[in-house]
>>> print(open('my_file.cif').read())   # mmCIF, C-alpha atoms
data_structure
#
loop_
_atom_site.label_atom_id
_atom_site.label_comp_id
_atom_site.auth_asym_id
_atom_site.auth_seq_id
_atom_site.Cartn_x
_atom_site.Cartn_y
_atom_site.Cartn_z
CA MET A 1 15.07 -8.72 -4.85
CA MET A 2 12.70 -11.48 -3.83
CA LEU A 3 9.27 -12.04 -2.31
CA TYR A 4 8.75 -13.82 0.98
CA ASP A 5 5.73 -15.41 2.58
CA LYS A 6 4.73 -15.96 6.20
CA ALA A 7 6.23 -19.45 6.33
CA ASN A 8 9.59 -18.17 5.03
CA LEU A 9 9.76 -15.37 7.56
CA GLU A 10 8.62 -17.33 10.59
CA ASP A 11 11.17 -20.04 9.77
CA HIS A 12 13.76 -17.23 9.75
CA TYR A 13 14.36 -17.60 6.03
CA VAL A 14 15.08 -13.91 5.72
CA PRO A 15 18.23 -11.79 5.45
CA LYS A 16 19.55 -11.18 8.94
CA GLU A 17 19.37 -7.39 9.05
CA ASP A 18 17.74 -6.50 12.35
CA TRP A 19 15.35 -3.96 10.84
CA LYS A 20 13.83 -6.58 8.53
CA VAL A 21 13.17 -8.97 11.39
CA ALA A 22 11.71 -6.16 13.49
CA ALA A 23 9.49 -4.93 10.65
CA TYR A 24 7.94 -8.33 10.01
CA GLN A 25 7.45 -8.99 13.73
CA ALA A 26 5.71 -5.63 14.15
CA PHE A 27 3.42 -6.41 11.24
CA ALA A 28 2.61 -9.89 12.54
CA ALA A 29 1.79 -8.43 15.97
CA LYS A 30 -0.57 -5.91 14.37
CA MET A 31 -2.38 -8.61 12.38
CA THR A 32 -2.80 -10.99 15.32
CA ASN A 33 -3.64 -8.63 18.19
CA ARG A 34 -6.91 -9.97 19.63
CA GLU A 35 -7.53 -7.02 21.95
CA ASP A 36 -6.90 -4.15 19.52
CA LYS A 37 -8.15 -5.77 16.32
CA PHE A 38 -6.77 -4.34 13.11
CA PRO A 39 -9.72 -2.83 11.20
CA CYS A 40 -9.14 -4.39 7.77
CA ILE A 41 -10.55 -7.89 8.25
CA PRO A 42 -9.49 -9.13 4.77
CA ALA A 43 -5.89 -8.18 5.65
CA THR A 44 -5.99 -10.21 8.86
CA LEU A 45 -7.47 -13.15 6.92
CA GLY A 46 -4.76 -12.81 4.31
CA PHE A 47 -2.16 -12.96 7.05
CA ALA A 48 -3.77 -15.94 8.79
CA HIS A 49 -4.11 -17.93 5.55
CA ASN A 50 -0.60 -17.05 4.30
CA HIS A 51 -1.95 -15.26 1.23
CA LEU A 52 0.20 -12.16 1.76
CA LYS A 53 3.61 -11.65 0.18
CA TYR A 54 6.36 -9.49 1.62
CA GLY A 55 9.31 -7.54 0.31
CA PHE A 56 12.11 -5.53 1.93
CA LEU A 57 13.31 -2.38 0.25
CA PRO A 58 15.90 0.38 0.69
CA ASP A 59 15.29 3.85 2.06
CA PRO A 60 12.31 5.22 0.07
CA ARG A 61 14.27 8.42 -0.59
CA SER A 62 17.04 6.54 -2.37
CA SER A 63 17.60 6.40 -6.12
CA GLU A 64 17.42 2.59 -5.93
CA ALA A 65 13.94 2.44 -4.37
CA PRO A 66 11.75 2.90 -7.50
CA ALA A 67 13.39 0.09 -9.46
CA ALA A 68 13.28 -2.17 -6.41
CA VAL A 69 9.55 -1.50 -5.90
CA SER A 70 8.87 -2.04 -9.60
CA GLU A 71 10.69 -5.39 -9.62
CA LEU A 72 8.85 -6.76 -6.58
CA VAL A 73 5.49 -5.59 -7.93
CA ARG A 74 6.32 -7.26 -11.26
CA GLN A 75 7.06 -10.56 -9.50
CA PHE A 76 3.87 -10.26 -7.49
CA THR A 77 1.71 -9.27 -10.48
CA ASP A 78 2.93 -12.21 -12.55
CA ASN A 79 1.84 -14.72 -9.89
CA SER A 80 -0.74 -13.04 -7.65
CA ARG A 81 -3.69 -15.18 -8.73
CA GLN A 82 -1.90 -18.21 -7.33
CA PHE A 83 -1.44 -16.67 -3.86
CA GLY A 84 -5.03 -16.77 -2.61
CA LYS A 85 -8.17 -14.64 -2.63
CA TYR A 86 -6.96 -12.32 0.17
CA THR A 87 -3.54 -11.63 -1.26
CA SER A 88 -1.72 -8.30 -1.04
CA LEU A 89 1.90 -7.26 -1.41
CA ILE A 90 3.39 -5.80 1.78
CA LEU A 91 6.50 -3.66 1.27
CA PHE A 92 8.69 -2.71 4.23
CA PHE A 93 11.23 0.08 3.67
CA HIS A 94 14.45 0.69 5.53
CA THR A 95 13.62 3.78 7.59
CA PRO A 96 16.73 5.39 9.11
CA ASP A 97 16.44 7.33 12.36
CA ASP A 98 16.62 10.71 10.62
CA LEU A 99 13.54 9.80 8.58
CA ARG A 100 11.66 8.02 11.37
CA HIS A 101 12.09 10.62 14.11
CA GLN A 102 12.25 13.89 12.21
CA SER A 103 9.55 13.51 9.56
CA SER A 104 6.02 14.84 9.80
CA VAL A 105 3.00 13.10 8.34
CA GLU A 106 3.05 15.71 5.58
CA HIS A 107 6.67 14.91 4.76
CA TYR A 108 5.81 11.23 4.44
CA GLU A 109 2.87 12.15 2.22
CA SER A 110 5.20 13.97 -0.15
CA LEU A 111 7.65 11.07 -0.06
CA PHE A 112 4.86 8.58 -0.79
CA TRP A 113 3.67 10.34 -3.92
CA ASP A 114 7.20 10.99 -5.11
CA LEU A 115 7.96 7.28 -4.78
CA LEU A 116 4.82 6.22 -6.68
CA SER A 117 5.63 8.70 -9.45
CA ARG A 118 9.24 7.58 -9.72
CA THR A 119 8.21 3.91 -9.67
CA SER A 120 5.74 4.51 -12.49
CA GLY A 121 8.71 5.67 -14.55
CA GLU A 122 10.14 2.14 -14.27
CA ASP A 123 7.03 0.55 -15.82
CA ALA A 124 7.72 -1.08 -19.19
CA LEU A 125 4.01 -1.60 -19.95
CA ASP A 126 1.43 0.91 -21.08
CA TRP A 127 -1.19 2.15 -18.66
CA PRO A 128 -4.20 -0.24 -18.87
CA ALA A 129 -6.69 1.05 -21.42
CA HIS A 130 -9.71 0.56 -19.14
CA ILE A 131 -8.29 2.72 -16.32
CA PRO A 132 -8.44 6.53 -16.68
CA THR A 133 -5.06 8.23 -16.63
CA GLU A 134 -6.23 11.21 -14.56
CA PRO A 135 -6.57 10.78 -10.76
CA SER A 136 -9.47 13.24 -10.83
CA HIS A 137 -11.61 10.51 -12.44
CA HIS A 138 -13.59 8.34 -10.01
CA PHE A 139 -12.42 5.12 -11.72
CA TRP A 140 -8.72 6.02 -11.55
CA GLU A 141 -6.34 3.88 -9.51
CA TYR A 142 -2.62 3.25 -9.46
CA CYS A 143 -1.40 0.85 -12.15
CA LEU A 144 1.89 -0.97 -12.52
CA HIS A 145 2.88 -3.81 -14.84
CA GLY A 146 -0.61 -3.89 -16.33
CA GLU A 147 -2.42 -4.42 -13.02
CA SER A 148 -4.50 -1.88 -11.09
CA TYR A 149 -3.87 -1.60 -7.36
CA PHE A 150 -5.29 -0.08 -4.23
CA VAL A 151 -2.28 1.34 -2.37
CA TYR A 152 -2.16 1.76 1.41
CA CYS A 153 0.58 3.69 3.17
CA ALA A 154 1.52 3.58 6.86
CA THR A 155 4.21 5.68 8.57
CA PRO A 156 5.96 6.13 11.92
CA SER A 157 4.47 9.63 12.26
CA HIS A 158 0.77 8.74 12.39
CA VAL A 159 -0.62 9.03 15.92
CA ASN A 160 -4.37 9.63 15.77
CA ARG A 161 -4.85 7.10 13.00
CA GLN A 162 -3.20 4.00 14.45
CA SER A 163 -4.66 2.15 11.47
CA ARG A 164 -2.09 4.11 9.44
CA TYR A 165 0.76 3.81 11.93
CA PHE A 166 3.74 1.51 11.45
CA PRO A 167 7.27 1.84 12.88
CA TYR A 168 8.69 1.70 9.33
CA PHE A 169 7.56 3.32 6.11
CA MET A 170 5.27 0.67 4.64
CA LEU A 171 3.11 0.12 1.57
CA ALA A 172 0.44 -2.51 0.95
CA LEU A 173 -0.72 -3.06 -2.63
CA THR A 174 -3.95 -4.95 -3.18
CA PRO A 175 -4.90 -5.92 -6.75
CA ARG A 176 -8.29 -4.70 -7.89
CA TRP A 177 -9.25 -8.28 -8.79
CA VAL A 178 -9.01 -9.22 -5.07
CA LEU A 179 -11.50 -6.50 -4.17
CA VAL A 180 -13.80 -7.46 -7.05
CA GLU A 181 -13.82 -11.11 -5.96
CA PHE A 182 -14.56 -10.09 -2.37
CA ASN A 183 -17.58 -8.08 -3.48
CA LYS A 184 -18.91 -10.92 -5.63
CA VAL A 185 -20.29 -12.48 -2.46
CA PRO A 186 -22.84 -9.80 -1.47
CA LYS A 187 -23.80 -11.34 1.87
CA GLN A 188 -20.15 -11.57 2.95
CA ALA A 189 -19.37 -8.03 1.79
CA GLU A 190 -22.44 -6.49 3.42
CA THR A 191 -21.73 -8.27 6.70
CA MET A 192 -18.06 -7.37 6.80
CA LYS A 193 -18.20 -3.68 5.81
CA PRO A 194 -19.96 -2.47 8.99
CA LEU A 195 -17.64 -4.64 11.10
CA ILE A 196 -14.63 -3.01 9.48
CA ARG A 197 -16.11 0.42 10.19
CA GLN A 198 -16.73 -0.51 13.84
CA ARG A 199 -13.18 -1.75 14.23
CA LEU A 200 -11.81 1.41 12.61
CA GLU A 201 -13.73 3.62 15.03
CA ALA A 202 -12.40 1.61 17.98
CA TYR A 203 -8.83 1.40 16.66
CA ASP A 204 -8.22 5.09 15.94
CA THR A 205 -8.54 8.02 18.33
CA ILE A 206 -10.11 10.11 15.55
CA SER A 207 -13.25 9.45 13.52
CA PRO A 208 -12.90 7.79 10.08
CA HIS A 209 -11.58 10.09 7.38
CA PRO A 210 -14.31 11.59 5.17
CA ASP A 211 -12.39 10.45 2.06
CA LEU A 212 -13.11 6.77 2.83
CA LYS A 213 -15.69 5.93 0.18
CA LEU A 214 -16.44 3.14 -2.28
CA TYR A 215 -14.59 2.63 -5.56
CA GLY A 216 -16.60 3.80 -8.56
CA GLU A 217 -18.84 6.24 -6.72
CA LYS A 218 -18.79 9.60 -8.50
CA ASP A 219 -17.73 11.47 -5.36
CA ASN A 220 -14.95 8.98 -4.58
CA TYR A 221 -11.30 9.45 -5.51
CA GLU A 222 -9.07 6.47 -4.79
CA TRP A 223 -5.91 8.52 -4.52
CA LYS A 224 -7.30 10.32 -1.47
CA GLN A 225 -7.53 7.01 0.39
CA TYR A 226 -3.99 5.84 -0.38
CA PHE A 227 -2.40 8.22 2.10
CA LEU A 228 -4.68 9.45 4.88
CA ARG A 229 -3.46 12.37 6.94
CA ASP A 230 -3.61 12.25 10.73
CA ASP A 231 -6.52 14.71 10.76
CA HIS A 232 -9.53 15.19 8.47
CA SER A 233 -7.76 17.27 5.83
CA SER A 234 -6.64 16.06 2.42
CA ALA A 235 -4.47 17.33 -0.42
CA PRO A 236 -6.27 19.72 -2.81
CA SER A 237 -5.10 17.71 -5.84
CA CYS A 238 -3.29 14.47 -6.53
CA PRO A 239 0.52 14.89 -6.55
CA PHE A 240 1.05 11.77 -8.71
CA SER A 241 2.74 12.20 -12.09
CA ARG A 242 3.39 9.13 -14.19
CA HIS A 243 5.09 11.08 -16.98
CA ALA A 244 7.80 12.96 -15.11
CA GLN A 245 10.30 10.14 -14.72
CA LYS A 246 9.76 8.75 -18.22
CA LYS A 247 10.38 12.19 -19.70
CA SER A 248 13.53 12.48 -17.61
CA HIS A 249 14.83 9.15 -18.94
CA ALA A 250 14.00 10.19 -22.51
CA SER A 251 15.88 13.49 -22.22
CA GLU A 252 18.91 11.73 -20.78
CA GLY A 253 19.03 9.46 -23.78
CA GLN A 254 18.81 12.25 -26.37
CA GLY A 255 22.12 13.91 -25.55
CA THR A 256 23.23 17.11 -27.24
CA SER A 257 24.29 17.79 -30.78
#
>>> encode(input="my_file.cif", output="structure tokens")
Amino acid sequence: MMLYDKANLEDHYVPKEDWKVAAYQAFAAKMTNREDKFPCIPATLGFAHNHLKYGFLPDPRSSEAPAAVSELVRQFTDNSRQFGKYTSLILFFHTPDDLRHQSSVEHYESLFWDLLSRTSGEDALDWPAHIPTEPSHHFWEYCLHGESYFVYCATPSHVNRQSRYFPYFMLALTPRWVLVEFNKVPKQAETMKPLIRQRLEAYDTISPHPDLKLYGEKDNYEWKQYFLRDDHSSAPSCPFSRHAQKKSHASEGQGTS
């Protein structure tokens, strides 16, 4: 497993599977469309400045997917501060026709949380001490390899929220330090936030989801923003479990007497 950057991919330094080429091209088109501007301005800046890193992964349902995600996130985490102030890790997953054409948004939601839970089981490091372990806490966020991340998911089944549509199952992981650095320039942050909101309202055919709030606010829960449904509903509780897979590994190793 390896990470790619924009220069690699546009010079065709990428495995030749058609789906990988198509996935990157679809992403590049989304980031550079000047008529329908993608709402997340920092993401478009990250793309333009070649701060983003990319990885290609197997079917998210597969047994190989969690270890593959974990390995790419480890590589990214170890070097992310060298990639630029707008960096994120973009993960494209092989999405066979049976998954792409027959899955509802709710099915993808279940798949997303299952994948995050299984990937957490691959983490060799302890959960960071400064991040609460319960998603019901307003400072909770997903952690892997000692870094805390905002996780964005896009799927082929989103229609109303084109900001969450992508022809392949896709994740984008943004380190918390990127978001902190962005907010250290108050004038920039205050100017950009309303522009992002305006773009979001123009991009989607439905109003912004009520779960879109600011990190740290007592009525905000980051997990609700990771996977936005195609309407205004949200899951009653967070499906993430970081202990399930680790317990499974432990029981396998114990054997029977």
>>> closest_residue(input="my_file.cif", among="A:Tyr203, A:Glu17, A:His49, A:Phe76", to="Arg34 of chain A", atoms="only C-alpha atoms")
A:Tyr203
>>> resolve_selection(input="my_file.cif", expression="the PyMOL selection byres ((chain A and resi 224) around 10)", output="PyMOL selection string")
chain A and resi 135+209-213+220-223+225-229+234-238
>>> closest_residue(input="my_file.cif", among="A:Asn183, A:Leu72, A:Leu89, A:Lys218", to="Phe139 of chain A", atoms="all atoms listed in the file")
A:Lys218
>>> atom_distance(input="my_file.cif", atom1="atom CA of Met1 of chain A", atom2="atom CA of His145 of chain A")
16.5 Å
>>> resolve_selection(input="my_file.cif", expression="the PyMOL selection byres ((chain A and resi 67) around 12)", output="list in words")
Met1, Leu57, Pro58, Pro60, Ser62, Ser63, Glu64, Ala65, Pro66, Ala68, Val69, Ser70, Glu71, Leu72, Val73, Arg74, Leu115, Leu116, Ser117, Arg118, Thr119, Ser120, Gly121, Glu122, Asp123, Ala124, Leu144 and Gln245 of chain A
>>> residues_around(input="my_file.cif", residues="Tyr142 of chain A", least_positions_apart="6", cutoff="8 Å", atoms="all atoms listed in the file", output="ChimeraX atom specification")
/A:148-151,223
>>> atom_distance(input="my_file.cif", atom1="atom CA of Phe83 of chain A", atom2="atom CA of Ala154 of chain A")
23.1 Å
>>> residues_near_point(input="my_file.cif", point="(-2.8, 1.1, 12.6)", cutoff="8 Å", atoms="only C-alpha atoms", output="VMD selection string")
chain A and resid 30 38 154 161 to 166 203 to 204
>>> residues_near_point(input="my_file.cif", point="(7.3, -5.5, -0.6)", cutoff="6 Å", atoms="only C-alpha atoms", output="PyMOL selection string")
chain A and resi 54-56+89-92
>>> atom_distance(input="my_file.cif", atom1="atom CA of Lys184 of chain A", atom2="atom CA of Tyr86 of chain A")
13.4 Å
>>> residues_around(input="my_file.cif", residues="Asn50 of chain A", least_positions_apart="4", cutoff="10 Å", atoms="only C-alpha atoms", output="ChimeraX atom specification")
/A:5-7,44-46,83-84,86-87
>>> closest_residue(input="my_file.cif", among="A:Cys143, A:Val159, A:His51, A:His138", to="Asp219 of chain A", atoms="all atoms listed in the file")
A:His138
>>> resolve_selection(input="my_file.cif", expression="the PyMOL selection byres ((chain A and resi 128) around 9)", output="ChimeraX atom specification")
/A:125-127,129-133,143-148
>>> residues_around(input="my_file.cif", residues="Ile196 of chain A", least_positions_apart="2", cutoff="7 Å", atoms="only C-alpha atoms", output="list in words")
Pro39, Cys40, Ile41, Met192, Lys193, Pro194, Gln198, Arg199 and Leu200 of chain A
>>> closest_residue(input="my_file.cif", among="A:Ala22, A:Leu171, A:Ala189, A:Ala202", to="Glu35 of chain A", atoms="only C-alpha atoms")
A:Ala202
>>> axis_aligned_box(input="my_file.cif", around="segment 66-72 of chain A", padding_each_side="8 Å", output="lines of an AutoDock Vina configuration file")
center_x = 11.1
center_y = -1.9
center_z = -7.8
size_x = 20.5
size_y = 25.7
size_z = 19.7
>>> residues_around(input="my_file.cif", residues="Asp97 of chain A", least_positions_apart="3", cutoff="12 Å", atoms="all atoms listed in the file", output="mmCIF file with C-alpha atoms, in the frame of the given file")
data_model
loop_
_atom_site.group_PDB
_atom_site.id
_atom_site.type_symbol
_atom_site.label_atom_id
_atom_site.label_comp_id
_atom_site.auth_asym_id
_atom_site.auth_seq_id
_atom_site.Cartn_x
_atom_site.Cartn_y
_atom_site.Cartn_z
ATOM 1 C CA TRP A 19 15.350 -3.960 10.840
ATOM 2 C CA ASP A 59 15.290 3.850 2.060
ATOM 3 C CA HIS A 94 14.450 0.690 5.530
ATOM 4 C CA ARG A 100 11.660 8.020 11.370
ATOM 5 C CA HIS A 101 12.090 10.620 14.110
ATOM 6 C CA GLN A 102 12.250 13.890 12.210
ATOM 7 C CA SER A 103 9.550 13.510 9.560
ATOM 8 C CA PRO A 156 5.960 6.130 11.920
ATOM 9 C CA PRO A 167 7.270 1.840 12.880
ATOM 10 C CA TYR A 168 8.690 1.700 9.330
ATOM 11 C CA PHE A 169 7.560 3.320 6.110
#
